[in-house]
Amino acid sequence: MRIFGKDGTCAAICLDFDSSLAGPDWVEADVRAVQSWLHRCGARWIEDYSPSGGRHVYVPLERRVTFTEARDLVEALGNRHRSLDKTPHQNLLHGCIRTPGSAHKRGGHQQLAMSLPLAYDVARRPNSHAVWTALTADLADEIAAVRAFRLEQEYRPELPAAPDPAELGSPGRMSRAMQCLAVSGMYEAGR
């Protein structure tokens, strides 16, 4: 399932704890820590697990959040928890996650780690904007750090002298391949 809609927003934060990143024991510890954090912030979530030992925690939101807001929260949380795979929330066009009941690539299926009626209730009554505010407030320092890492903080450099046009090379457009890379983040690993 795609995480982001065509409008660039998402209705749920999808946390993907990957056993290949840190092993199943680390996944279990990270999921327990995130559950405790979500509970302290007043959030409700849906959880499933995969045959490979990975876990997913879905935090449905009453008010959709932008790609940037969701990415910042997941990256900040990923800095706290080693087994959290941040990549599904880092790609606006191709970010996706396997939902409960989906076939797993290694055989078997994603299975709910809770009762179906409880999962349905969480989906039917998503988390309020006040919960989103509590989550982002608790991660404010980490969110600021990930933004700074991407150089999104305000920066006012001194203006240098105008460059020599001969040094700039040919002023052209970015190639189609580079545009696709910039938008999607997908590239050929062999190149």
# chains A, B, ... in the order shown; residues from 1 in each chain; ligands from 1

$ select_by_dssp --residues "region 1-190 of chain A" --states "helix (DSSP H, G or I)" --output "MDAnalysis selection string"
chainID A and resid 19:22 24:40 67:80 87:89 116:124 129:138 140:149 165:168 176:184

$ residues_around --residues "Thr136 (chain A)" --least-positions-apart "4" --cutoff "7 Å" --atoms "only C-alpha atoms" --output "number ranges by chain"
A: 73, 132, 140

$ residues_around --residues "region 41-54 of chain A" --least-positions-apart "3" --cutoff "7 Å" --atoms "only C-alpha atoms" --output "JSON, numbers by chain"
{"A": [17, 18, 19, 24, 27, 37, 38, 57, 58, 59, 60, 100, 108, 109, 110, 111, 112, 113, 114, 119, 122, 127, 131, 134, 135]}

$ write_last_selection --atoms "C-alpha atoms" --output "mmCIF file, in the first residue's frame"
data_model
loop_
_atom_site.group_PDB
_atom_site.id
_atom_site.type_symbol
_atom_site.label_atom_id
_atom_site.label_comp_id
_atom_site.auth_asym_id
_atom_site.auth_seq_id
_atom_site.Cartn_x
_atom_site.Cartn_y
_atom_site.Cartn_z
ATOM 1 C CA PHE A 17 10.718 -2.414 12.121
ATOM 2 C CA ASP A 18 12.988 -4.582 9.999
ATOM 3 C CA SER A 19 14.656 -7.668 11.489
ATOM 4 C CA PRO A 24 14.375 -9.989 15.815
ATOM 5 C CA VAL A 27 12.977 -5.364 16.735
ATOM 6 C CA TRP A 37 6.142 6.209 23.828
ATOM 7 C CA LEU A 38 2.888 6.129 21.829
ATOM 8 C CA VAL A 57 3.112 -0.207 13.780
ATOM 9 C CA TYR A 58 0.484 1.978 12.074
ATOM 10 C CA VAL A 59 -0.594 5.238 13.723
ATOM 11 C CA PRO A 60 -3.787 6.418 11.942
ATOM 12 C CA PRO A 100 -1.991 -7.008 7.516
ATOM 13 C CA GLY A 108 3.408 -16.551 4.667
ATOM 14 C CA HIS A 109 1.453 -13.378 5.390
ATOM 15 C CA GLN A 110 1.510 -10.254 7.532
ATOM 16 C CA GLN A 111 -0.594 -11.059 10.614
ATOM 17 C CA LEU A 112 -2.305 -8.758 13.068
ATOM 18 C CA ALA A 113 -0.723 -8.734 16.521
ATOM 19 C CA MET A 114 -4.067 -7.715 18.024
ATOM 20 C CA ALA A 119 -7.703 -2.916 14.931
ATOM 21 C CA VAL A 122 -8.423 2.137 15.903
ATOM 22 C CA ASN A 127 -5.717 9.782 16.456
ATOM 23 C CA VAL A 131 -2.025 13.417 19.611
ATOM 24 C CA ALA A 134 2.109 15.555 21.398
ATOM 25 C CA LEU A 135 4.170 13.177 19.215
#

$ closest_residue --among "A:Ala70, A:Ala29, A:Ala123, A:Ala182" --to "Lys86 (chain A)" --atoms "only C-alpha atoms"
A:Ala70

$ closest_residue --among "A:Leu118, A:Ser128, A:Glu75, A:Met1" --to "Gly101 (chain A)" --atoms "only C-alpha atoms"
A:Met1

$ closest_residue --among "A:Leu151, A:Ala11, A:Leu139, A:Ala177" --to "Glu62 (chain A)" --atoms "only C-alpha atoms"
A:Ala11

$ atom_distance --atom1 "CA of Asp30 (chain A)" --atom2 "CA of Arg64 (chain A)"
25.4 Å
